[in-house]
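Student: See my_file.cif below, with mmCIF, C-alpha atoms.
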data_protein
loop_
_atom_site.label_atom_id
_atom_site.label_comp_id
_atom_site.auth_asym_id
_atom_site.auth_seq_id
_atom_site.Cartn_x
_atom_site.Cartn_y
_atom_site.Cartn_z
CA MET A 42 68.12 164.12 225.95
CA ILE A 43 65.81 162.07 228.12
CA LYS A 44 64.05 160.41 225.19
CA LYS A 45 67.06 158.42 223.95
CA PRO A 46 67.66 156.42 227.15
CA ILE A 47 63.94 155.72 227.37
CA VAL A 48 63.90 154.42 223.78
CA PHE A 49 66.96 152.30 224.59
CA LEU A 50 65.28 150.87 227.69
CA VAL A 51 62.10 150.07 225.76
CA VAL A 52 64.09 148.35 223.01
CA CYS A 53 66.01 146.37 225.63
CA LEU A 54 62.80 145.42 227.40
CA ILE A 55 61.27 144.14 224.15
CA ALA A 56 64.46 142.29 223.34
CA THR A 57 64.39 140.75 226.82
CA MET A 58 60.84 139.51 226.34
CA VAL A 59 61.58 138.08 222.91
CA SER A 60 64.92 136.41 223.51
CA GLY A 61 65.03 135.85 227.22
CA CYS A 62 67.67 138.63 227.29
CA SER A 63 70.53 136.15 227.61
CA ARG A 64 72.83 134.73 225.03
CA GLN A 65 73.19 130.98 225.25
CA GLN A 66 76.71 130.51 226.58
CA GLN A 67 78.84 127.81 225.06
CA ARG A 68 80.90 127.18 228.15
CA GLY A 69 79.97 126.19 231.65
CA PRO A 70 76.98 124.46 233.22
CA GLU A 71 73.74 125.05 231.35
CA PRO A 72 70.03 124.58 231.93
CA GLN A 73 68.79 121.01 232.05
CA ALA A 74 66.23 121.61 229.36
CA GLY A 75 65.41 124.35 226.95
CA SER A 76 62.54 125.34 224.78
CA GLN A 77 62.56 124.57 221.08
CA GLY A 78 65.18 126.60 219.23
CA LYS A 79 67.31 127.17 222.28
CA ALA A 80 70.49 125.13 222.46
CA ILE A 81 70.88 122.78 225.39
CA THR A 82 74.54 122.43 226.26
CA PRO A 83 75.81 119.57 228.40
CA ASP A 84 76.21 119.96 232.14
CA ILE A 85 78.68 117.14 232.72
CA SER A 86 78.82 117.60 236.49
CA ARG A 87 75.05 117.14 236.69
CA LEU A 88 75.08 114.17 234.32
CA LEU A 89 77.74 112.39 236.34
CA LYS A 90 76.07 113.24 239.63
CA GLU A 91 72.72 111.87 238.48
CA SER A 92 74.00 108.76 236.72
CA ARG A 93 74.01 105.43 238.49
CA PRO A 94 75.89 102.47 236.99
CA THR A 95 73.45 100.25 235.11
CA VAL A 96 73.52 96.53 235.81
CA PRO A 97 74.49 94.98 232.45
CA VAL A 98 71.70 93.10 230.68
CA GLY A 99 73.93 91.59 228.03
CA SER A 100 72.60 89.37 225.29
CA ALA A 101 70.87 86.00 225.33
CA ALA A 102 73.48 83.26 225.09
CA ILE A 103 73.44 80.07 227.21
CA LYS A 104 70.01 78.54 227.65
CA ALA A 105 68.98 78.28 231.30
CA ALA A 106 68.35 74.66 232.31
CA THR A 107 67.02 75.34 235.81
CA GLN A 108 65.42 78.13 237.84
CA SER A 109 68.27 78.07 240.36
CA VAL A 110 71.59 79.91 240.18
CA PRO A 111 73.65 78.92 238.31
CA SER A 112 70.97 78.13 235.78
CA PHE A 113 73.34 76.18 233.52
CA THR A 114 76.40 73.98 233.83
CA VAL A 115 80.04 74.78 233.16
CA ASP A 116 79.89 72.24 230.33
CA ALA A 117 77.02 74.20 228.74
CA ALA A 118 79.19 77.32 228.93
CA ARG A 119 82.11 75.51 227.31
CA GLU A 120 79.83 74.25 224.57
CA TYR A 121 78.48 77.76 223.92
CA VAL A 122 81.94 79.35 223.77
CA LEU A 123 83.21 76.73 221.32
CA ALA A 124 80.14 77.22 219.12
CA HIS A 125 80.32 81.05 219.32
CA PRO A 126 84.05 81.81 219.42
CA LEU A 127 85.39 85.18 220.38
CA PRO A 128 85.71 87.05 217.05
CA ALA A 129 89.01 88.59 218.13
CA PHE A 130 90.90 85.28 217.93
CA ALA A 131 94.06 86.04 215.97
CA GLY A 132 95.64 82.61 215.76
CA GLY A 133 96.38 80.76 212.54
CA LYS A 134 93.73 80.24 209.89
CA ASN A 135 93.15 76.63 210.81
CA GLU A 136 93.58 77.12 214.54
CA LYS A 137 90.86 77.53 217.11
CA PRO A 138 91.10 79.00 220.60
CA THR A 139 91.14 76.45 223.40
CA ILE A 140 89.34 76.81 226.69
CA THR A 141 91.82 76.78 229.56
CA ARG A 142 89.49 77.65 232.42
CA ALA A 143 85.73 77.65 232.95
CA GLU A 144 84.08 78.07 236.34
CA PHE A 145 81.49 79.93 238.33
CA LEU A 146 82.99 82.81 240.31
CA THR A 147 81.61 85.77 242.19
CA SER A 148 81.83 89.18 240.56
CA LYS A 149 84.45 90.08 243.19
CA GLN A 150 86.64 87.14 242.19
CA VAL A 151 86.30 88.02 238.51
CA LYS A 152 87.24 91.61 239.31
CA GLN A 153 90.47 90.35 240.86
CA ILE A 154 91.32 88.39 237.71
CA LEU A 155 90.60 91.51 235.64
CA HIS A 156 93.11 93.59 237.61
CA GLY A 157 90.40 95.52 239.43
CA ALA A 158 88.19 96.30 236.43
CA GLY A 159 84.52 96.15 237.37
CA THR A 160 81.92 93.82 235.93
CA GLY A 161 78.98 96.11 236.63
CA PHE A 162 77.53 93.58 239.10
CA ALA A 163 77.44 93.48 242.91
CA ASP A 164 80.41 91.67 244.45
CA ASP A 165 78.37 88.60 245.43
CA GLN A 166 76.71 88.12 242.02
CA LEU A 167 77.62 84.75 240.55
CA LEU A 168 79.14 84.87 237.07
CA CYS A 169 80.46 82.22 234.71
CA TYR A 170 84.08 82.93 233.78
CA VAL A 171 85.59 81.28 230.69
CA GLU A 172 89.23 81.78 229.75
CA LEU A 173 90.78 80.93 226.39
CA GLN A 174 94.25 80.52 225.01
CA GLY A 175 94.82 83.11 222.26
CA PRO A 176 96.25 85.28 220.91
CA PHE A 177 93.36 87.74 220.72
CA THR A 178 93.60 91.12 218.99
CA PHE A 179 91.23 93.99 219.68
CA SER A 180 90.89 97.03 217.44
CA GLY A 181 90.62 100.53 218.80
CA PRO A 182 90.56 103.89 217.03
CA PRO A 183 92.41 104.18 213.67
CA ARG A 184 95.89 102.59 213.62
CA THR A 185 95.38 101.02 217.03
CA THR A 186 95.22 97.40 218.13
CA ALA A 187 96.00 95.54 221.32
CA THR A 188 96.96 91.86 221.40
CA TYR A 189 96.65 89.72 224.50
CA PRO A 190 97.67 86.07 224.97
CA ARG A 191 94.48 85.12 226.82
CA GLY A 192 90.86 85.85 226.02
CA ILE A 193 87.88 85.86 228.35
CA MET A 194 84.10 85.54 228.03
CA ILE A 195 81.83 86.19 231.00
CA PHE A 196 78.18 85.20 231.44
CA ASN A 197 75.52 85.97 234.01
CA ALA A 198 75.11 82.73 235.99
CA ALA A 199 71.46 83.51 236.68
CA THR A 200 70.29 84.23 233.12
CA GLY A 201 72.97 82.69 230.92
CA ASN A 202 73.32 86.05 229.16
CA PHE A 203 76.66 87.03 227.66
CA ILE A 204 77.99 90.07 229.55
CA MET A 205 81.52 90.87 228.50
CA SER A 206 84.61 89.67 226.69
CA GLY A 207 88.19 90.78 226.44
CA GLY A 208 91.86 90.04 226.72
CA ILE A 209 94.32 89.72 229.60
CA PRO A 210 98.09 89.10 229.76
CA MET B 69 85.32 74.69 181.33
CA PRO B 70 86.07 75.54 184.95
CA HIS B 71 87.53 72.84 187.11
CA ARG B 72 85.02 71.20 189.42
CA LYS B 73 86.86 72.31 192.57
CA HIS B 74 86.27 75.94 191.59
CA LEU B 75 82.53 75.54 191.33
CA PRO B 76 81.74 76.42 194.99
CA ALA B 77 83.77 79.63 194.69
CA ILE B 78 82.06 80.55 191.42
CA ALA B 79 78.67 79.81 192.96
CA ALA B 80 79.55 82.00 195.95
CA VAL B 81 80.53 84.89 193.68
CA ILE B 82 77.31 84.56 191.65
CA LEU B 83 75.26 84.41 194.87
CA CYS B 84 77.15 87.40 196.26
CA LEU B 85 76.59 89.46 193.11
CA SER B 86 72.90 88.59 193.11
CA LEU B 87 72.45 89.92 196.64
CA SER B 88 72.56 93.69 196.82
CA SER B 89 73.72 93.64 200.44
CA CYS B 90 76.68 91.38 199.75
CA THR B 91 79.59 93.74 199.22
CA THR B 92 83.21 92.71 199.33
CA TYR B 93 85.98 94.95 200.65
CA SER B 94 89.37 94.79 202.35
CA CYS B 95 88.96 95.83 205.96
CA GLY B 96 91.31 93.39 207.65
CA GLY B 97 90.28 90.72 210.06
CA PRO B 98 90.47 89.94 213.75
CA SER B 99 94.13 91.04 213.83
CA GLY B 100 93.36 94.58 212.70
CA GLY B 101 93.54 96.46 209.42
CA HIS B 102 90.00 97.76 209.86
CA CYS B 103 88.53 100.60 207.76
CA TYR B 104 87.46 103.84 209.40
CA GLY B 105 85.32 106.86 208.63
CA THR B 106 86.37 109.05 211.51
CA VAL B 107 87.32 112.51 212.61
CA SER B 108 89.85 113.00 215.41
CA TRP B 109 90.92 115.95 217.49
CA GLY B 110 94.06 116.26 219.55
CA LYS B 111 93.56 118.18 222.76
CA GLY B 112 95.48 121.09 221.19
CA ASP B 113 92.98 121.18 218.28
CA LEU B 114 90.27 121.64 220.87
CA GLY B 115 92.19 124.30 222.78
CA GLU B 116 92.42 122.10 225.85
CA THR B 117 95.45 121.37 228.01
CA ASP B 118 93.58 118.48 229.63
CA LEU B 119 90.85 116.70 227.67
CA ARG B 120 88.49 115.60 230.42
CA ALA B 121 85.33 114.71 228.53
CA PHE B 122 83.85 114.41 225.05
CA LEU B 123 80.20 114.11 224.08
CA THR B 124 78.40 113.44 220.81
CA ASN B 125 74.80 112.71 219.75
CA VAL B 126 74.73 109.72 217.42
CA THR B 127 71.65 108.43 215.61
CA PRO B 128 71.64 104.65 215.94
CA VAL B 129 70.99 102.94 212.60
CA GLU B 130 70.56 99.27 211.85
CA LEU B 131 74.09 97.89 211.54
CA ASN B 132 74.89 94.65 209.74
CA LYS B 133 78.33 93.33 210.67
CA GLY B 134 78.81 91.19 207.57
CA ASN B 135 81.55 88.69 208.37
CA LEU B 136 83.18 90.61 211.25
CA VAL B 137 82.22 93.94 212.83
CA ILE B 138 80.78 97.41 212.24
CA ASN B 139 80.49 100.22 214.81
CA ASN B 140 79.44 103.87 215.10
CA GLU B 141 81.17 105.22 218.17
CA LEU B 142 83.19 107.65 220.25
CA TRP B 143 86.75 106.97 221.45
CA LEU B 144 88.81 108.84 224.01
CA THR B 145 92.47 107.88 223.66
CA GLN B 146 95.86 108.42 225.17
CA GLU B 147 98.47 107.92 222.45
CA PRO B 148 101.27 107.11 222.25
CA THR B 149 101.97 105.62 225.64
CA PRO B 150 104.03 102.65 226.81
CA ASN B 151 101.56 102.06 229.65
CA CYS B 152 98.91 100.15 227.70
CA VAL B 153 99.18 97.08 225.49
CA GLY B 154 99.56 98.15 221.84
CA GLY B 155 100.92 101.58 222.74
CA SER B 156 97.53 103.27 223.24
CA CYS B 157 95.08 103.42 226.10
CA TRP B 158 91.49 104.02 225.09
CA THR B 159 87.88 103.99 226.22
CA GLU B 160 85.12 103.66 223.62
CA VAL B 161 81.32 103.70 223.61
CA GLY B 162 78.79 103.38 220.84
CA VAL B 163 76.56 101.22 218.71
CA THR B 164 77.79 97.94 217.24
CA SER B 165 77.05 94.84 215.31
CA GLY B 166 79.72 92.29 216.15
CA ALA B 167 81.86 93.92 218.86
CA CYS B 168 82.26 92.03 222.14
CA ALA B 169 80.64 88.84 220.83
CA SER B 170 79.64 87.00 217.71
CA GLY B 171 76.01 88.20 217.64
CA SER B 172 74.85 90.29 214.70
CA ASP B 173 72.03 92.53 215.94
CA THR B 174 72.55 96.24 216.69
CA ARG B 175 73.58 96.88 220.27
CA TYR B 176 75.09 99.46 222.58
CA PHE B 177 78.54 98.64 223.91
CA TRP B 178 81.53 100.12 225.65
CA ALA B 179 85.10 98.94 225.91
CA GLU B 180 88.44 99.92 227.35
CA ASN B 181 92.08 99.11 226.75
CA VAL B 182 93.60 100.19 230.01
CA VAL B 183 96.27 99.65 232.55
CA THR B 184 95.48 99.63 236.23
CA ALA B 185 97.91 99.65 239.12
CA VAL B 186 97.79 95.84 238.90
CA GLY B 187 98.05 95.25 235.16
CA PRO B 188 96.62 95.81 231.69
CA SER B 189 93.47 94.46 230.07
CA TYR B 190 91.04 95.01 227.22
CA LEU B 191 87.39 94.57 228.17
CA CYS B 192 84.29 94.93 226.00
CA ARG B 193 80.82 95.19 227.59
CA ASP B 194 77.50 94.44 225.97
CA LEU B 195 75.00 97.11 227.10
CA GLY B 196 72.01 95.50 225.40
CA PRO B 197 70.10 95.97 222.17
CA VAL B 198 69.05 99.25 220.56
CA ASP B 199 65.27 99.51 221.01
CA LEU B 200 63.22 99.78 217.83
CA GLN B 201 62.01 103.28 218.77
CA GLU B 202 65.62 104.47 219.21
CA PHE B 203 66.71 103.93 215.61
CA GLY B 204 67.14 107.25 213.84
CA GLN B 205 66.74 109.23 217.07
CA PRO B 206 69.65 111.05 218.70
CA THR B 207 71.45 109.16 221.47
CA MET B 208 74.04 110.87 223.61
CA LEU B 209 77.41 109.19 224.01
CA LEU B 210 79.68 110.54 226.74
CA ILE B 211 83.07 109.59 228.15
CA ALA B 212 84.20 111.74 231.07
CA ARG B 213 86.97 111.48 233.63
CA GLU B 214 85.19 111.78 236.93
CA SER B 215 88.32 111.62 239.06
CA ALA B 216 92.00 110.81 238.68
CA SER B 217 91.37 107.14 237.92
CA VAL B 218 87.64 106.81 237.22
CA PHE B 219 85.99 107.36 233.84
CA ASP B 220 82.22 107.51 233.46
CA VAL B 221 80.75 106.10 230.27
CA MET B 222 77.16 107.03 229.40
CA VAL B 223 74.64 106.24 226.73
CA GLU B 224 71.50 108.37 227.03
CA THR B 225 69.00 107.29 224.39
CA CYS B 226 66.42 109.63 222.87
CA THR B 227 68.40 112.62 224.11
CA LYS B 228 69.90 115.46 222.17
CA TYR B 229 72.21 118.26 223.24
CA GLY B 230 72.03 121.33 221.06
CA SER B 231 69.09 123.24 219.63
CA GLY B 232 65.94 121.88 218.04
CA PRO B 233 63.21 119.66 219.37
CA GLN B 234 63.98 116.84 221.74
CA PRO B 235 63.13 113.33 220.56
CA THR B 236 59.76 112.08 221.70
CA CYS B 237 60.80 108.47 222.33
CA ALA B 238 61.34 107.22 225.89
CA ARG B 239 64.75 108.09 227.30
CA ARG B 240 67.00 105.40 228.77
CA VAL B 241 70.29 105.88 230.56
CA LEU B 242 72.94 103.17 230.33
CA SER B 243 75.82 104.08 232.57
CA ALA B 244 79.06 102.39 233.55
CA GLN B 245 82.31 103.20 235.26
CA SER B 246 85.81 102.46 234.11
CA GLY B 247 87.61 102.27 237.44
CA LEU B 248 91.34 102.27 238.22
CA ASN B 249 91.79 103.72 234.73
CA LEU B 250 94.95 105.82 234.72
CA MET B 251 94.52 107.07 231.13
CA GLN B 252 95.30 110.73 230.39
CA PRO B 253 93.33 111.21 227.14
CA ASN B 254 94.84 113.45 224.48
CA VAL B 255 92.72 112.50 221.44
CA ALA B 256 88.95 112.29 220.85
CA THR B 257 87.59 110.43 217.82
CA ILE B 258 84.07 109.90 216.45
CA GLY B 259 82.85 107.84 213.53
CA MET B 260 82.58 104.40 211.98
CA GLU B 261 84.80 101.30 212.14
CA VAL B 262 84.36 98.34 209.82
CA GLY B 263 86.30 95.08 210.02
CA GLY B 264 86.13 92.09 207.70
CA SER B 265 85.77 91.46 203.99
CA SER B 266 82.12 91.13 203.03
CA GLY B 267 78.48 91.75 203.76
CA ALA B 268 78.54 94.72 206.15
CA SER B 269 76.04 97.51 205.68
CA ALA B 270 74.85 100.61 207.47
CA PRO B 271 72.55 103.42 206.37
CA GLN B 272 73.60 106.98 207.10
CA ALA B 273 74.15 107.88 210.76
CA THR B 274 74.86 111.37 212.08
CA PHE B 275 77.10 112.63 214.86
CA THR B 276 75.96 116.07 216.06
CA GLY B 277 76.41 118.26 219.13
CA ASN B 278 80.11 117.39 219.31
CA TRP B 279 81.31 118.88 222.55
CA HIS B 280 84.47 118.77 224.66
CA SER B 281 85.31 119.86 228.15
CA ASP B 282 88.25 121.23 230.09
CA PRO B 283 89.45 120.00 233.51
CA PHE B 284 86.61 121.84 235.23
CA PHE B 285 83.86 120.38 233.02
CA ALA B 286 83.39 123.77 231.38
CA GLY B 287 83.15 122.97 227.72
CA ALA B 288 82.45 124.14 224.23
CA TRP B 289 81.08 122.90 220.95
CA VAL B 290 83.78 121.65 218.60
CA THR B 291 84.72 124.35 216.07
CA ASN B 292 87.68 122.60 214.43
CA PRO B 293 87.16 120.15 211.50
CA GLY B 294 89.79 117.83 212.98
CA SER B 295 91.79 115.14 211.23
CA GLN B 296 89.48 113.23 208.88
CA THR B 297 89.70 109.64 207.62
CA ALA B 298 87.35 107.96 205.13
CA GLN B 299 88.60 104.56 204.01
CA ALA B 300 86.46 102.73 201.44
CA PRO B 301 83.98 101.16 201.74
CA VAL B 302 83.16 103.51 204.62
CA LYS B 303 81.72 106.84 203.55
CA ALA B 304 82.18 109.68 206.01
CA SER B 305 82.31 113.46 205.85
CA TRP B 306 81.15 116.68 207.45
CA THR B 307 77.78 117.72 206.06
CA VAL B 308 77.74 120.68 208.43
CA ASN B 309 81.25 121.99 208.99
CA PRO B 310 81.97 122.78 212.63
CA THR B 311 84.03 125.81 211.62
CA VAL B 312 80.76 127.50 210.70
CA GLN B 313 79.06 128.66 213.86
CA THR B 314 77.18 125.49 214.67
CA GLU B 315 76.78 123.18 217.59
CA GLY B 316 79.74 120.92 216.88
CA GLY B 317 78.92 120.29 213.21
CA THR B 318 77.36 117.18 211.65
CA TRP B 319 79.59 114.21 210.80
CA VAL B 320 77.89 111.49 208.76
CA THR B 321 78.89 107.87 208.19
CA SER B 322 77.52 105.02 206.10
CA CYS B 323 78.67 101.76 204.59
CA CYS B 324 79.22 99.71 202.39
CA GLN B 325 77.29 100.06 199.10
#
For the structure just supplied, provide its representation as structure tokens.

Tutor:
Amino acid sequence: MIKKPIVFLVVCLIATMVSGCSRQQQRGPEPQAGSQGKAITPDISRLLKESRPTVPVGSAAIKAATQSVPSFTVDAAREYVLAHPLPAFAGGKNEKPTITRAEFLTSKQVKQILHGAGTGFADDQLLCYVELQGPFTFSGPPRTTATYPRGIMIFNAATGNFIMSGGIP
Amino acid sequence: MPHRKHLPAIAAVILCLSLSSCTTYSCGGPSGGHCYGTVSWGKGDLGETDLRAFLTNVTPVELNKGNLVINNELWLTQEPTPNCVGGSCWTEVGVTSGACASGSDTRYFWAENVVTAVGPSYLCRDLGPVDLQEFGQPTMLLIARESASVFDVMVETCTKYGSGPQPTCARRVLSAQSGLNLMQPNVATIGMEVGGSSGASAPQATFTGNWHSDPFFAGAWVTNPGSQTAQAPVKASWTVNPTVQTEGGTWVTSCCQ
């Protein structure tokens, strides 16, 4: 009578030592790291809590002409955009997008143009904003596109790096 | 004897055939008509009433955009909806050659087609190049609704959720916020998008650890094979079916040989 519970306890104890005596749950917050062979499931709350927006690096585009900010001229930006057109241009085969606006603006001013969408930079960061006459079509998931009459390309005024592009009404 | 005016075209075809990487296909152009190798889940497929977040581990591979674009990515979408331009609102994050700008190297990016209280826009952000050490290593992609109108978009390189050893390369976190984003996502999609007509290529990439969450960020591995699309020249399929007890299955994509 007494032996069976003891055997059960011993088996459970061994099982505890071998497996950690807990089944990896598939729902809910999980450990941040696990040993090899043990599944690590995402803890979204922790991920979001720990993440800080990264300042966009972008890609090398307009060559800096000076050490100051802006490091290039609006004309240099125009020249770059005409030489490297936004691939989403959906005009006629022999048409090209035309630049309708090009100027240095703060990130805050650009944010206002973009209906409140962030640039990833501090409000006072100087950016180069270039606007084009479209149309521009952007592809999403299967069977999805969005066409906007105006296109935009934005550069970091300090580095000349390309940061973002898009479409606005 | 071919007419002289056809000679450049003939020369181009001969050159194209002589280059193994020069493949021609019909995947639309800037106006759409792209080819996809994707798997999608409606929130009902995932057993969710509110799809708040989706996560996948993708292995970045060297992408060659050919004459337009090629991506391996994750989308979170609200469709259909009259709120956004084109009838769908979406947020996407992944690895690209050719999205956002005309460059051709392999980069991380995220984009959104949204409507704010002020108006709609589509915006595509360049998050920088994939580091050499990150190719072939798992990279976490996450889109999560942090609050009613803010989505967090994360790329965590050299990071894997699920079992097995963690990558040994140095981890980087690229994080951004999609603010004033009123999207109510009802579809999650992972996989490859190719646009254009020639020259794109991509070795096999994997999407593992596919995971979704409910409104309280409690989540589960995907166990439903979803709605699959594989449009030539994109090759895509489950190599580990998520219906088998796995950690979200393994979806693979490649193009365009």

Student: Using Å and a single decimal, report how far atom CA of Val161 of chain B sits from atom CA of Thr160 of chain A.

Tutor: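 Atom CA of Val161 of chain B lies at a distance of 15.8 Å from atom CA of Thr160 of chain A.
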
Student: Check what the PyMOL selection byres ((chain B and resi 116) around 12) selects in the file above and give those residues as an NGL selection string.

Tutor: :B and (109-115 or 117-122 or 253-256 or 280-288 or 290)

Student: List the residues matched by the PyMOL selection byres ((chain A and resi 174) around 10) in the displayed structure as a list in words, ordered by chain and then by residue number.

Tutor: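 So the PyMOL selection byres ((chain A and resi 174) around 10) ends up selecting Phe130, Gly132, Lys137, Pro138, Thr139, Ile140, Thr141, Arg142, Glu172, Leu173, Gly175, Pro176, Phe177, Tyr189, Pro190, Arg191, Gly192, Ile193 and Gly208 of chain A.
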
Student: Would you translate the PyMOL selection byres ((chain B and resi 247) around 8) into the concrete set of residues it matches in this file, as a PyMOL selection string?

Tutor: (chain A and resi 157-159) or (chain B and resi 217-219+245-246+248-249)

Student: Would you save the residues of that selection, restricted to C-alpha atoms, as a compact mmCIF listing (two decimals), keeping the file's coordinate frame?

Tutor:
# COMPACT_ATOMS: atom_id res chain seq x y z
CA GLY A 157 90.40 95.52 239.43
CA ALA A 158 88.19 96.30 236.43
CA GLY A 159 84.52 96.15 237.37
CA SER B 217 91.37 107.14 237.92
CA VAL B 218 87.64 106.81 237.22
CA PHE B 219 85.99 107.36 233.84
CA GLN B 245 82.31 103.20 235.26
CA SER B 246 85.81 102.46 234.11
CA LEU B 248 91.34 102.27 238.22
CA ASN B 249 91.79 103.72 234.73

Student: Around the point (74.5, 96.4, 232.7), in the coordinates given by the file, pick out the residues reaching within 12 Å, counting all atoms listed in the file, and return them as an MDAnalysis selection string.

Tutor: (chainID A and resid 93:100 159:163 196:197 202:205) or (chainID B and resid 176:178 192:197 221:223 241:245)

Student: Near segment 313-315 of chain B, counting only C-alpha atoms, which residues have an atom at most 10 Å away, once you skip same-chain residues fewer than 4 positions from it, shown as an MDAnalysis selection string?

Tutor: (chainID A and resid 67 80:82) or (chainID B and resid 229:231 276:279 288:291 308:309)

Student: Show which residues sit within 10 Å of Lys228 of chain B, as a PyMOL selection string. Count all atoms listed in the file, and ignore same-chain residues fewer than 3 positions away.

Tutor: (chain A and resi 80-83) or (chain B and resi 124-127+205-209+224-225+231-235+276-277)

Student: Atoms are missing here; could segment 297-310 of chain B be completed with N, CA and C atoms and written as an mmCIF file, in the coordinates of the input?

Tutor:
data_model
loop_
_atom_site.group_PDB
_atom_site.id
_atom_site.type_symbol
_atom_site.label_atom_id
_atom_site.label_comp_id
_atom_site.auth_asym_id
_atom_site.auth_seq_id
_atom_site.Cartn_x
_atom_site.Cartn_y
_atom_site.Cartn_z
ATOM 1 N N THR B 297 89.347 110.888 208.307
ATOM 2 C CA THR B 297 89.700 109.640 207.620
ATOM 3 C C THR B 297 88.434 109.051 207.017
ATOM 4 N N ALA B 298 88.490 108.670 205.745
ATOM 5 C CA ALA B 298 87.350 107.960 205.130
ATOM 6 C C ALA B 298 87.921 106.898 204.217
ATOM 7 N N GLN B 299 87.993 105.676 204.748
ATOM 8 C CA GLN B 299 88.600 104.560 204.010
ATOM 9 C C GLN B 299 87.484 103.696 203.421
ATOM 10 N N ALA B 300 87.486 103.549 202.096
ATOM 11 C CA ALA B 300 86.460 102.730 201.440
ATOM 12 C C ALA B 300 86.446 101.331 202.053
ATOM 13 N N PRO B 301 85.287 100.759 202.252
ATOM 14 C CA PRO B 301 83.980 101.160 201.740
ATOM 15 C C PRO B 301 83.214 102.124 202.641
ATOM 16 N N VAL B 302 83.854 102.591 203.714
ATOM 17 C CA VAL B 302 83.160 103.510 204.620
ATOM 18 C C VAL B 302 83.068 104.886 203.959
ATOM 19 N N LYS B 303 81.897 105.469 204.036
ATOM 20 C CA LYS B 303 81.720 106.840 203.550
ATOM 21 C C LYS B 303 81.527 107.715 204.779
ATOM 22 N N ALA B 304 82.280 108.804 204.834
ATOM 23 C CA ALA B 304 82.180 109.680 206.010
ATOM 24 C C ALA B 304 82.634 111.079 205.632
ATOM 25 N N SER B 305 81.928 112.062 206.125
ATOM 26 C CA SER B 305 82.310 113.460 205.850
ATOM 27 C C SER B 305 81.509 114.394 206.755
ATOM 28 N N TRP B 306 81.944 115.641 206.789
ATOM 29 C CA TRP B 306 81.150 116.680 207.450
ATOM 30 C C TRP B 306 80.057 117.119 206.473
ATOM 31 N N THR B 307 78.826 117.096 206.878
ATOM 32 C CA THR B 307 77.780 117.720 206.060
ATOM 33 C C THR B 307 77.469 119.112 206.597
ATOM 34 N N VAL B 308 77.767 119.326 207.859
ATOM 35 C CA VAL B 308 77.740 120.680 208.430
ATOM 36 C C VAL B 308 79.112 120.873 209.070
ATOM 37 N N ASN B 309 79.879 121.792 208.514
ATOM 38 C CA ASN B 309 81.250 121.990 208.990
ATOM 39 C C ASN B 309 81.246 122.684 210.351
ATOM 40 N N PRO B 310 81.993 122.154 211.295
ATOM 41 C CA PRO B 310 81.970 122.780 212.630
ATOM 42 C C PRO B 310 82.639 124.146 212.681
#
